[in-house]
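Note: the block below is target-v7.cif and it holds mmCIF, C-alpha atoms and all ligand atoms.
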data_data
#
loop_
_atom_site.label_atom_id
_atom_site.label_comp_id
_atom_site.auth_asym_id
_atom_site.auth_seq_id
_atom_site.Cartn_x
_atom_site.Cartn_y
_atom_site.Cartn_z
CA MET E 814 -3.98 26.23 -24.94
CA PRO E 815 -6.06 29.17 -23.79
CA GLY E 816 -5.01 32.57 -25.11
CA ALA E 817 -3.78 35.63 -23.24
CA ILE E 818 -7.41 36.55 -22.74
CA HIS E 819 -9.92 33.78 -22.36
CA ALA E 820 -13.56 34.05 -21.29
CA GLU E 821 -16.31 31.47 -21.09
CA GLY E 822 -20.02 32.01 -20.64
CA LEU E 823 -19.83 35.50 -19.17
CA VAL E 824 -23.22 36.72 -17.98
CA LYS E 825 -23.89 40.08 -16.36
CA THR E 826 -27.34 41.51 -15.77
CA PHE E 827 -28.36 44.97 -14.64
CA GLY E 828 -32.00 44.63 -13.60
CA ASP E 829 -33.80 43.48 -16.74
CA VAL E 830 -30.86 44.19 -19.03
CA ARG E 831 -28.63 41.26 -19.92
CA ALA E 832 -25.54 43.34 -20.64
CA LEU E 833 -23.55 40.12 -21.19
CA ASP E 834 -25.59 37.12 -22.21
CA GLY E 835 -23.10 34.25 -22.38
CA VAL E 836 -19.99 35.68 -23.97
CA ASP E 837 -17.03 33.46 -24.94
CA LEU E 838 -13.78 35.06 -26.06
CA ASP E 839 -10.30 33.85 -26.82
CA VAL E 840 -7.42 36.14 -27.74
CA PRO E 841 -4.15 34.39 -28.63
CA GLU E 842 -1.00 35.96 -27.24
CA GLY E 843 0.37 38.81 -29.31
CA THR E 844 -2.84 39.31 -31.32
CA VAL E 845 -5.56 41.94 -31.40
CA LEU E 846 -9.22 41.14 -30.91
CA GLY E 847 -11.71 43.78 -32.02
CA LEU E 848 -14.99 43.73 -30.10
CA LEU E 849 -17.30 45.46 -32.54
CA GLY E 850 -20.79 46.60 -31.68
CA PRO E 851 -23.17 49.53 -31.32
CA ASN E 852 -23.85 51.50 -28.18
CA GLY E 853 -25.34 49.33 -25.49
CA ALA E 854 -24.06 46.06 -27.00
CA GLY E 855 -22.13 45.14 -23.84
CA LYS E 856 -18.60 46.09 -24.88
CA THR E 857 -17.73 48.19 -21.85
CA THR E 858 -19.29 45.64 -19.53
CA ALA E 859 -17.09 42.92 -21.06
CA VAL E 860 -13.99 45.08 -20.63
CA ARG E 861 -14.92 45.88 -17.03
CA VAL E 862 -15.34 42.20 -16.21
CA LEU E 863 -12.06 41.23 -17.84
CA THR E 864 -10.19 44.03 -16.10
CA THR E 865 -11.54 43.00 -12.67
CA LEU E 866 -13.67 46.12 -12.21
CA LEU E 867 -16.95 44.24 -12.28
CA ARG E 868 -17.94 40.73 -11.16
CA PRO E 869 -20.00 38.73 -13.65
CA ASP E 870 -23.10 36.86 -12.47
CA SER E 871 -21.62 33.72 -13.98
CA GLY E 872 -18.88 32.53 -16.27
CA ARG E 873 -15.14 32.54 -15.95
CA ALA E 874 -12.24 34.49 -17.35
CA VAL E 875 -8.48 34.07 -17.43
CA VAL E 876 -6.19 36.97 -18.31
CA ALA E 877 -2.44 36.58 -18.71
CA GLY E 878 -2.77 33.10 -17.25
CA VAL E 879 -4.51 34.26 -14.06
CA ASP E 880 -8.13 33.69 -13.02
CA VAL E 881 -9.87 37.08 -13.02
CA LEU E 882 -12.39 36.22 -10.31
CA LYS E 883 -10.01 34.39 -7.99
CA HIS E 884 -6.95 36.63 -8.23
CA PRO E 885 -8.02 40.10 -9.39
CA ASN E 886 -5.04 41.87 -7.86
CA GLU E 887 -2.62 39.64 -9.69
CA VAL E 888 -4.47 40.24 -12.96
CA ARG E 889 -4.29 44.00 -12.44
CA ARG E 890 -0.53 43.83 -12.38
CA SER E 891 -0.43 42.35 -15.88
CA ILE E 892 -2.88 44.61 -17.67
CA GLY E 893 -3.26 48.13 -18.94
CA LEU E 894 -6.62 49.77 -19.48
CA SER E 895 -7.51 52.80 -21.50
CA GLY E 896 -10.82 54.12 -22.65
CA GLN E 897 -14.27 55.21 -21.74
CA PHE E 898 -13.84 55.12 -18.00
CA ALA E 899 -10.10 55.49 -17.61
CA ALA E 900 -8.78 57.78 -14.97
CA VAL E 901 -7.01 60.87 -16.22
CA ASP E 902 -7.07 63.50 -13.48
CA GLU E 903 -8.15 66.77 -15.07
CA TYR E 904 -6.38 68.97 -12.57
CA LEU E 905 -2.99 67.33 -12.84
CA THR E 906 -0.68 68.06 -15.75
CA GLY E 907 0.03 65.39 -18.31
CA ARG E 908 3.38 64.73 -16.71
CA GLU E 909 1.91 64.52 -13.21
CA ASN E 910 -0.75 62.11 -14.39
CA LEU E 911 1.81 59.68 -15.80
CA HIS E 912 4.06 60.06 -12.80
CA MET E 913 1.14 59.27 -10.50
CA VAL E 914 0.28 56.11 -12.43
CA GLY E 915 3.88 54.95 -12.16
CA GLN E 916 3.81 55.45 -8.43
CA LEU E 917 0.51 53.60 -8.15
CA TYR E 918 2.32 50.68 -9.75
CA GLN E 919 5.10 51.07 -7.20
CA MET E 920 7.77 52.33 -9.54
CA SER E 921 10.38 54.50 -7.88
CA SER E 922 9.72 58.21 -8.31
CA ARG E 923 12.78 58.49 -10.51
CA ALA E 924 11.79 55.60 -12.78
CA ALA E 925 8.23 56.92 -12.99
CA LYS E 926 9.51 60.35 -14.04
CA ALA E 927 11.76 58.88 -16.69
CA ARG E 928 8.93 56.73 -18.06
CA ALA E 929 6.55 59.72 -18.06
CA GLY E 930 9.05 61.75 -20.09
CA GLU E 931 9.48 58.93 -22.61
CA LEU E 932 5.75 58.47 -23.10
CA LEU E 933 5.08 62.21 -23.40
CA GLU E 934 7.58 62.33 -26.25
CA ARG E 935 6.21 59.26 -27.94
CA PHE E 936 2.63 60.51 -27.82
CA HIS E 937 3.51 64.01 -29.05
CA LEU E 938 2.56 65.56 -25.74
CA ALA E 939 5.94 66.94 -24.71
CA ASP E 940 4.96 70.55 -25.45
CA ALA E 941 1.80 70.28 -23.38
CA ALA E 942 3.35 68.11 -20.64
CA ASP E 943 3.20 70.76 -17.93
CA ARG E 944 -0.30 72.01 -18.57
CA PRO E 945 -3.31 70.64 -16.66
CA ALA E 946 -5.06 67.86 -18.58
CA LYS E 947 -8.30 69.83 -18.56
CA THR E 948 -6.75 72.23 -21.09
CA TYR E 949 -6.08 69.36 -23.54
CA SER E 950 -8.07 68.80 -26.73
CA GLY E 951 -10.01 65.57 -27.15
CA GLY E 952 -7.24 63.98 -29.17
CA MET E 953 -4.55 64.97 -26.66
CA ARG E 954 -6.60 63.58 -23.82
CA ARG E 955 -6.98 60.23 -25.60
CA ARG E 956 -3.24 60.10 -26.14
CA LEU E 957 -2.61 60.87 -22.48
CA ASP E 958 -5.12 58.20 -21.50
CA LEU E 959 -3.35 55.68 -23.70
CA ALA E 960 0.05 56.75 -22.38
CA ALA E 961 -1.21 56.25 -18.82
CA ALA E 962 -2.19 52.71 -19.69
CA LEU E 963 1.34 52.07 -20.96
CA VAL E 964 3.36 53.33 -18.02
CA VAL E 965 4.18 49.79 -16.94
CA SER E 966 4.34 48.15 -20.43
CA PRO E 967 1.69 45.57 -19.63
CA PRO E 968 1.65 42.33 -21.63
CA VAL E 969 -2.16 42.54 -22.02
CA MET E 970 -3.99 45.75 -22.90
CA PHE E 971 -7.65 46.70 -23.03
CA MET E 972 -8.84 49.75 -24.95
CA ASP E 973 -12.48 50.75 -24.79
CA GLU E 974 -13.45 52.75 -27.89
CA PRO E 975 -10.08 54.48 -28.04
CA THR E 976 -10.98 56.67 -31.02
CA THR E 977 -14.71 57.32 -30.71
CA GLY E 978 -15.39 60.96 -31.56
CA LEU E 979 -11.85 61.72 -32.74
CA ASP E 980 -11.19 63.50 -36.02
CA PRO E 981 -9.50 61.46 -38.78
CA ARG E 982 -6.02 62.84 -38.12
CA ASN E 983 -6.11 62.04 -34.42
CA ARG E 984 -7.61 58.66 -35.15
CA GLN E 985 -4.78 57.84 -37.54
CA GLN E 986 -2.18 58.93 -34.97
CA LEU E 987 -3.70 56.67 -32.36
CA TRP E 988 -3.85 53.79 -34.81
CA ASP E 989 -0.13 54.23 -35.48
CA VAL E 990 0.66 54.12 -31.79
CA ILE E 991 -1.54 51.08 -31.26
CA GLN E 992 0.12 49.26 -34.15
CA GLU E 993 3.55 50.01 -32.75
CA LEU E 994 2.45 48.60 -29.45
CA VAL E 995 1.15 45.40 -31.00
CA ALA E 996 4.31 45.02 -33.06
CA GLY E 997 6.10 44.96 -29.70
CA GLY E 998 4.17 41.82 -28.70
CA THR E 999 1.32 43.23 -26.62
CA THR E 1000 -1.96 41.32 -26.64
CA LEU E 1001 -4.84 43.72 -27.14
CA LEU E 1002 -8.58 43.65 -26.75
CA LEU E 1003 -10.07 46.71 -28.37
CA THR E 1004 -13.71 47.75 -28.51
CA THR E 1005 -15.05 49.90 -31.29
CA GLN E 1006 -18.15 50.99 -33.13
CA TYR E 1007 -16.23 51.28 -36.37
CA LEU E 1008 -15.75 48.38 -38.73
CA GLU E 1009 -12.96 50.34 -40.36
CA GLU E 1010 -11.07 50.53 -37.09
CA ALA E 1011 -11.46 46.84 -36.35
CA ASP E 1012 -10.44 46.20 -39.93
CA HIS E 1013 -7.30 48.25 -39.58
CA LEU E 1014 -6.14 47.00 -36.20
CA ALA E 1015 -7.66 43.64 -35.35
CA HIS E 1016 -6.59 40.13 -36.33
CA ASP E 1017 -9.95 38.75 -35.27
CA ILE E 1018 -13.27 40.45 -34.79
CA CYS E 1019 -16.22 39.56 -32.58
CA VAL E 1020 -19.44 41.33 -33.43
CA VAL E 1021 -21.55 41.82 -30.31
CA ASP E 1022 -25.16 42.87 -29.99
CA HIS E 1023 -27.44 42.68 -26.95
CA GLY E 1024 -24.76 41.00 -24.87
CA LYS E 1025 -24.14 38.17 -27.35
CA VAL E 1026 -21.39 37.46 -29.84
CA ILE E 1027 -23.37 37.24 -33.08
CA ALA E 1028 -20.45 36.69 -35.44
CA ARG E 1029 -16.72 36.16 -35.28
CA GLY E 1030 -13.95 35.90 -37.79
CA THR E 1031 -11.33 37.92 -39.58
CA SER E 1032 -12.42 41.13 -41.18
CA ASP E 1033 -12.38 39.48 -44.62
CA GLN E 1034 -14.61 36.69 -43.41
CA LEU E 1035 -17.07 39.16 -41.92
CA LYS E 1036 -17.14 41.25 -45.05
CA LEU E 1037 -17.81 38.21 -47.20
CA ARG E 1038 -20.68 37.37 -44.90
CA THR E 1039 -21.94 40.89 -45.31
CA GLY E 1040 -21.65 40.63 -49.07
CA GLY E 1041 -18.25 42.29 -49.40
CA GLU E 1042 -17.84 45.58 -51.19
CA ARG E 1043 -20.59 47.58 -52.82
CA VAL E 1044 -20.71 49.42 -56.09
CA GLU E 1045 -22.60 52.67 -55.72
CA VAL E 1046 -23.78 54.52 -58.83
CA VAL E 1047 -25.58 57.82 -59.18
CA VAL E 1048 -27.16 58.07 -62.63
CA HIS E 1049 -27.64 61.35 -64.44
CA ARG E 1050 -31.41 61.16 -65.06
CA PRO E 1051 -34.32 59.27 -63.44
CA ASP E 1052 -35.07 57.37 -66.68
CA MET E 1053 -31.59 55.82 -66.49
CA ILE E 1054 -32.33 54.05 -63.22
CA ASP E 1055 -33.93 51.02 -64.88
CA PRO E 1056 -31.18 50.28 -67.41
CA ALA E 1057 -28.57 50.86 -64.69
CA ARG E 1058 -30.39 48.44 -62.45
CA ALA E 1059 -30.23 45.79 -65.18
CA VAL E 1060 -26.50 46.31 -65.60
CA LEU E 1061 -25.76 46.16 -61.88
CA ALA E 1062 -27.91 43.06 -61.44
CA GLY E 1063 -25.59 41.33 -63.91
CA PHE E 1064 -22.51 42.10 -61.83
CA GLY E 1065 -23.97 41.96 -58.32
CA LYS E 1066 -23.86 39.23 -55.71
CA GLY E 1067 -27.09 40.40 -54.14
CA GLU E 1068 -30.05 42.62 -54.64
CA VAL E 1069 -29.71 46.05 -56.25
CA ALA E 1070 -30.91 48.72 -53.82
CA VAL E 1071 -32.37 51.84 -55.44
CA GLU E 1072 -32.86 55.22 -53.83
CA THR E 1073 -35.06 56.98 -56.37
CA HIS E 1074 -34.90 60.57 -55.16
CA THR E 1075 -31.08 60.62 -55.24
CA ARG E 1076 -30.91 58.36 -58.38
CA LYS E 1077 -28.52 56.15 -56.43
CA LEU E 1078 -28.16 52.40 -56.95
CA THR E 1079 -26.11 50.11 -54.72
CA VAL E 1080 -25.22 46.46 -55.15
CA PRO E 1081 -22.88 44.11 -53.25
CA VAL E 1082 -20.05 42.83 -55.47
CA ALA E 1083 -16.89 40.75 -55.32
CA GLY E 1084 -14.07 41.83 -57.59
CA GLY E 1085 -12.85 45.27 -56.58
CA ALA E 1086 -11.47 47.92 -58.93
CA LYS E 1087 -11.27 45.66 -61.99
CA LEU E 1088 -14.96 44.94 -61.72
CA LEU E 1089 -15.69 48.65 -61.28
CA ALA E 1090 -14.03 49.34 -64.64
CA GLU E 1091 -16.19 46.67 -66.30
CA VAL E 1092 -19.35 48.12 -64.78
CA ILE E 1093 -18.45 51.55 -66.12
CA ARG E 1094 -17.85 50.17 -69.62
CA GLU E 1095 -21.12 48.28 -69.60
CA LEU E 1096 -23.11 51.31 -68.37
CA ASP E 1097 -21.47 53.38 -71.06
CA SER E 1098 -22.28 50.89 -73.81
CA ARG E 1099 -25.96 51.00 -72.78
CA GLY E 1100 -26.00 54.78 -72.86
CA VAL E 1101 -26.37 55.23 -69.11
CA GLU E 1102 -24.76 58.50 -68.06
CA ILE E 1103 -23.41 58.57 -64.54
CA ASP E 1104 -22.84 61.48 -62.16
CA ASP E 1105 -20.86 59.41 -59.70
CA ILE E 1106 -19.65 55.86 -59.25
CA GLY E 1107 -17.51 54.21 -56.63
CA LEU E 1108 -16.67 51.14 -54.63
CA ARG E 1109 -17.34 51.27 -50.97
CA ARG E 1110 -16.64 48.82 -48.23
CA PRO E 1111 -19.43 47.62 -45.98
CA THR E 1112 -20.07 49.93 -43.07
CA LEU E 1113 -20.89 48.83 -39.56
CA ASP E 1114 -24.51 49.37 -40.51
CA ASP E 1115 -24.20 46.98 -43.45
CA VAL E 1116 -22.69 44.35 -41.16
CA PHE E 1117 -25.44 44.85 -38.66
CA ILE E 1118 -28.27 44.83 -41.14
CA SER E 1119 -26.92 41.66 -42.65
CA LEU E 1120 -26.34 39.92 -39.31
CA THR E 1121 -29.31 41.11 -37.30
CA GLY E 1122 -31.79 42.60 -39.72
CA HIS E 1123 -31.65 45.93 -37.89
CA THR E 1124 -29.41 48.96 -37.96
CA ALA E 1125 -26.95 49.87 -35.23
CA GLU E 1126 -29.21 52.75 -34.20
CA LEU E 1127 -32.16 50.48 -33.57
CA ALA E 1128 -30.06 48.41 -31.25
CA GLU E 1129 -29.82 51.40 -28.96
CA GLU E 1130 -33.48 51.46 -28.04
CA GLY E 1131 -33.94 51.82 -24.32
CA ASP E 1132 -30.35 52.90 -23.85
CA GLY E 1133 -31.09 56.40 -22.72
CA ASP E 1134 -27.73 58.13 -22.62
CA SER E 1135 -26.20 56.91 -25.85
CA THR E 1136 -25.43 58.91 -28.96
CA ALA E 1137 -25.93 57.58 -32.47
CA ALA E 1138 -23.54 54.81 -33.44
CA GLY E 1139 -20.77 56.09 -35.64
CA GLY E 1140 -21.69 59.68 -34.83
CA GLY E 1141 -18.95 62.25 -35.07
CA GLY E 1142 -18.03 64.91 -32.59
CA GLU E 1143 -16.29 64.70 -29.29
CA ARG E 1144 -18.43 62.78 -26.90
CA GLY E 1145 -18.59 63.08 -23.14
CA GLN E 1146 -17.14 60.03 -21.50
CA GLY E 1147 -19.78 59.91 -18.80
CA PRO E 1148 -19.30 59.89 -15.10
CA LYS E 1149 -16.55 57.79 -13.63
CA GLU E 1150 -18.03 54.50 -12.68
CA ALA E 1151 -17.67 53.04 -9.25
CA VAL E 1152 -15.61 49.90 -8.86
CA LYS E 1153 -17.89 47.08 -7.89
N1 LIG B 1201 -23.92 50.12 -14.24
C1 LIG B 1201 -24.98 49.85 -15.01
N2 LIG B 1201 -26.23 49.88 -14.51
C2 LIG B 1201 -27.31 49.58 -15.29
N3 LIG B 1201 -27.22 49.25 -16.60
C3 LIG B 1201 -26.02 49.21 -17.15
C4 LIG B 1201 -24.83 49.51 -16.40
N4 LIG B 1201 -23.75 49.39 -17.22
C5 LIG B 1201 -24.25 49.04 -18.43
N5 LIG B 1201 -25.59 48.92 -18.39
C6 LIG B 1201 -26.47 48.52 -19.51
O1 LIG B 1201 -25.93 47.35 -20.07
C7 LIG B 1201 -25.98 47.37 -21.49
C8 LIG B 1201 -24.58 47.25 -22.06
O2 LIG B 1201 -23.85 48.44 -21.73
P1 LIG B 1201 -22.35 48.66 -22.15
O3 LIG B 1201 -21.56 47.47 -21.76
O4 LIG B 1201 -21.93 49.96 -21.58
O5 LIG B 1201 -22.45 48.74 -23.72
P2 LIG B 1201 -21.41 49.34 -24.79
O6 LIG B 1201 -20.13 49.61 -24.09
O7 LIG B 1201 -21.33 48.30 -25.84
O8 LIG B 1201 -22.06 50.59 -25.30
C9 LIG B 1201 -26.68 48.67 -21.84
O9 LIG B 1201 -28.05 48.42 -22.02
C10 LIG B 1201 -26.44 49.54 -20.63
O10 LIG B 1201 -27.46 50.52 -20.51
MG MG B 1202 -19.04 51.33 -23.96
#
Let's see the structure in the file written out as structure tokens.
Ligand SMILES: Nc1ncnc2c1ncn2[C@@H]1O[C@H](COP(=O)(O)OP(=O)(O)O)[C@@H](O)[C@H]1O
Ligand SMILES: [Mg+2]
Amino acid sequence: MPGAIHAEGLVKTFGDVRALDGVDLDVPEGTVLGLLGPNGAGKTTAVRVLTTLLRPDSGRAVVAGVDVLKHPNEVRRSIGLSGQFAAVDEYLTGRENLHMVGQLYQMSSRAAKARAGELLERFHLADAADRPAKTYSGGMRRRLDLAAALVVSPPVMFMDEPTTGLDPRNRQQLWDVIQELVAGGTTLLLTTQYLEEADHLAHDICVVDHGKVIARGTSDQLKLRTGGERVEVVVHRPDMIDPARAVLAGFGKGEVAVETHTRKLTVPVAGGAKLLAEVIRELDSRGVEIDDIGLRRPTLDDVFISLTGHTAELAEEGDGDSTAAGGGGERGQGPKEAVK
């Protein structure tokens, strides 16, 4: 049985760019799919196709049991959309924005007002409810955007990079809200540039690059493919690099990478904290002094290097308006795109 979101062979080209190059997706009801990829991978294009905003050149998609190309209006009634091109009106207050969305969905004015009040509370926006959205911080705006997508409690939700550029506290708050939502039975397709975010929120992950799904699986499966966790060691003196390398090679599941000028060695491992303790003992017994040691999980870059042989940044070539993948800082959300 097809899932709540099902897509087959989606292709969308913009001139020479194959933004979607044959994408298949299946999201079982009540689960979260994380679409993980760098800038320019095709994530937003996929979301726009699935939310009826853009027609693919070929392929088919079914959302909430309805054919996206044949019955877009019907699909729109079953979905909520939040993210990079969502429509918060800067000049309206938070409350007015939510009220307006409710009315667009043909709720009575009274029901829309009640729903707006509820959502403003839930998203910690009650104090700012009667200020224009343009006075909101980045985090508040994201919360308003998400609230707007929830006015009608849709069974299927799409979120396009909901936390890109947010600080850790705001990101965590949004994650909490998203998890609450999913616990309530919503099916969610979420795009992100952060493995950590997909890890935290998604049941299944599709890694996309250049319009293609290049890997799919649970986060554990992907991490195993990427070589799992890494041990990172900074030794105290340059002459300790070689003995440290020998120790790490004995524990590692892959090559030991050495960065000479920082005296840092990194090796993929399987075994977690227990293994870390053994590594420390072994380094100690060989007289290797360490300045720093830790376990770190693979980053998006590790996943990309392992899957594609290039970093996320390289994948952006030719994509003029993008910022570095994983970059911090509040990012402009670009002009509102026309509905095609
Ligand atoms: N409206 C458009 N016109 C021309 N090119 C586009 C348009 N939308 C997206 N693209 C191109 O398609 C590719 C995928 O873009 P997008 O889906 O926005 O990627 P992502 O959301 O993963 O960053 C990029 O190379 C982008 O420049
Ligand atoms: Mg995008």
In Å, with one decimal, what is the gap from atom N1 of ligand LIG 1201 (chain B) to atom CA of E:Leu833?
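Computed distance, atom N1 of ligand LIG 1201 (chain B) to atom CA of E:Leu833, equals 12.2 Å.
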How would you report the residues lying within 8 Å of ligand MG 1202 (chain B), as a PyMOL selection string, if you count all atoms listed in the file?
chain E and resi 852-858+897+973-974+1004
Between E:Leu905, E:Ala1015, E:Val862, E:Val1048, single out the one closest to E:Pro945, counting all atoms listed in the file.
E:Leu905
Could you please determine the separation between atom CA of E:Phe936 and atom CA of E:Arg984 in Å, to one decimal place?
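Here the two named atoms are 12.7 Å from each other.
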If we draw a sphere of 12 Å around (-20.5, 46.2, -59.4), which residues have at least one atom in it when counting only C-alpha atoms? Please report them as a CSV table (one decimal) with C-alpha atoms, in the coordinates of the input.
chain,number,residue,atom,x,y,z
E,1040,GLY,CA,-21.6,40.6,-49.1
E,1041,GLY,CA,-18.2,42.3,-49.4
E,1042,GLU,CA,-17.8,45.6,-51.2
E,1043,ARG,CA,-20.6,47.6,-52.8
E,1044,VAL,CA,-20.7,49.4,-56.1
E,1045,GLU,CA,-22.6,52.7,-55.7
E,1046,VAL,CA,-23.8,54.5,-58.8
E,1057,ALA,CA,-28.6,50.9,-64.7
E,1058,ARG,CA,-30.4,48.4,-62.4
E,1059,ALA,CA,-30.2,45.8,-65.2
E,1060,VAL,CA,-26.5,46.3,-65.6
E,1061,LEU,CA,-25.8,46.2,-61.9
E,1062,ALA,CA,-27.9,43.1,-61.4
E,1063,GLY,CA,-25.6,41.3,-63.9
E,1064,PHE,CA,-22.5,42.1,-61.8
E,1065,GLY,CA,-24.0,42.0,-58.3
E,1066,LYS,CA,-23.9,39.2,-55.7
E,1067,GLY,CA,-27.1,40.4,-54.1
E,1068,GLU,CA,-30.0,42.6,-54.6
E,1069,VAL,CA,-29.7,46.0,-56.2
E,1078,LEU,CA,-28.2,52.4,-57.0
E,1079,THR,CA,-26.1,50.1,-54.7
E,1080,VAL,CA,-25.2,46.5,-55.2
E,1081,PRO,CA,-22.9,44.1,-53.2
E,1082,VAL,CA,-20.0,42.8,-55.5
E,1083,ALA,CA,-16.9,40.8,-55.3
E,1084,GLY,CA,-14.1,41.8,-57.6
E,1085,GLY,CA,-12.8,45.3,-56.6
E,1086,ALA,CA,-11.5,47.9,-58.9
E,1087,LYS,CA,-11.3,45.7,-62.0
E,1088,LEU,CA,-15.0,44.9,-61.7
E,1089,LEU,CA,-15.7,48.6,-61.3
E,1090,ALA,CA,-14.0,49.3,-64.6
E,1091,GLU,CA,-16.2,46.7,-66.3
E,1092,VAL,CA,-19.4,48.1,-64.8
E,1093,ILE,CA,-18.4,51.6,-66.1
E,1094,ARG,CA,-17.8,50.2,-69.6
E,1095,GLU,CA,-21.1,48.3,-69.6
E,1096,LEU,CA,-23.1,51.3,-68.4
E,1106,ILE,CA,-19.6,55.9,-59.2
E,1107,GLY,CA,-17.5,54.2,-56.6
E,1108,LEU,CA,-16.7,51.1,-54.6
E,1109,ARG,CA,-17.3,51.3,-51.0
Quick one: residues within 10 Å of E:Arg935, all atoms listed in the file counted, chain neighbours fewer than 6 positions away excluded, as a list in words?
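Within the cut-off, the hits are Ala929, Arg956, Ala960 and Val990 of chain E.
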Could you jot down the atom CA of E:Val914 to atom CA of E:Leu882 separation for me, Å, one decimal place?
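Between atom CA of E:Val914 and atom CA of E:Leu882 the gap is 23.7 Å.
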Taking all listed atoms of ligand LIG 1201 (chain B), build the axis-aligned box, pad each of the six sides by 8 Å, then write its centre and edge lengths in Å to one decimal as JSON.
{"center_x": -24.1, "center_y": 48.9, "center_z": -20.0, "size_x": 23.9, "size_y": 19.3, "size_z": 27.6}
Rank E:Met1053, E:Cys1019, E:Leu959, E:Val1026 by their smallest atom-to-atom distance to E:Gly822, using all atoms listed in the file, and report the top residue only.
E:Val1026
Select, from E:Asp1115, E:Glu909, E:Asp1022, E:Asp839, the residue with the minimum atom-to-atom distance to ligand LIG 1201 (chain B), counting all atoms listed in the file.
E:Asp1022
Write out as a list of chain:residue names the residues lying within 12 Å of E:Gly998, counting all atoms listed in the file and excluding same-chain residues fewer than 4 positions away.
E:Ala817, E:Pro841, E:Glu842, E:Gly843, E:Thr844, E:Val845, E:Ser966, E:Pro967, E:Pro968, E:Val969, E:Met970, E:Ile991, E:Gln992, E:Glu993, E:Leu994
Mind checking which residues fall within 12 Å of E:Glu903, counting all atoms listed in the file, ignoring those fewer than 5 positions away in the same chain, and posting them as an mmCIF file with C-alpha atoms, in the frame of the given file?
data_model
loop_
_atom_site.group_PDB
_atom_site.id
_atom_site.type_symbol
_atom_site.label_atom_id
_atom_site.label_comp_id
_atom_site.auth_asym_id
_atom_site.auth_seq_id
_atom_site.Cartn_x
_atom_site.Cartn_y
_atom_site.Cartn_z
ATOM 1 C CA ARG E 908 3.380 64.730 -16.710
ATOM 2 C CA GLU E 909 1.910 64.520 -13.210
ATOM 3 C CA ASN E 910 -0.750 62.110 -14.390
ATOM 4 C CA ARG E 944 -0.300 72.010 -18.570
ATOM 5 C CA PRO E 945 -3.310 70.640 -16.660
ATOM 6 C CA ALA E 946 -5.060 67.860 -18.580
ATOM 7 C CA LYS E 947 -8.300 69.830 -18.560
ATOM 8 C CA THR E 948 -6.750 72.230 -21.090
ATOM 9 C CA TYR E 949 -6.080 69.360 -23.540
ATOM 10 C CA SER E 950 -8.070 68.800 -26.730
ATOM 11 C CA ARG E 954 -6.600 63.580 -23.820
ATOM 12 C CA LEU E 957 -2.610 60.870 -22.480
ATOM 13 C CA ASP E 958 -5.120 58.200 -21.500
#
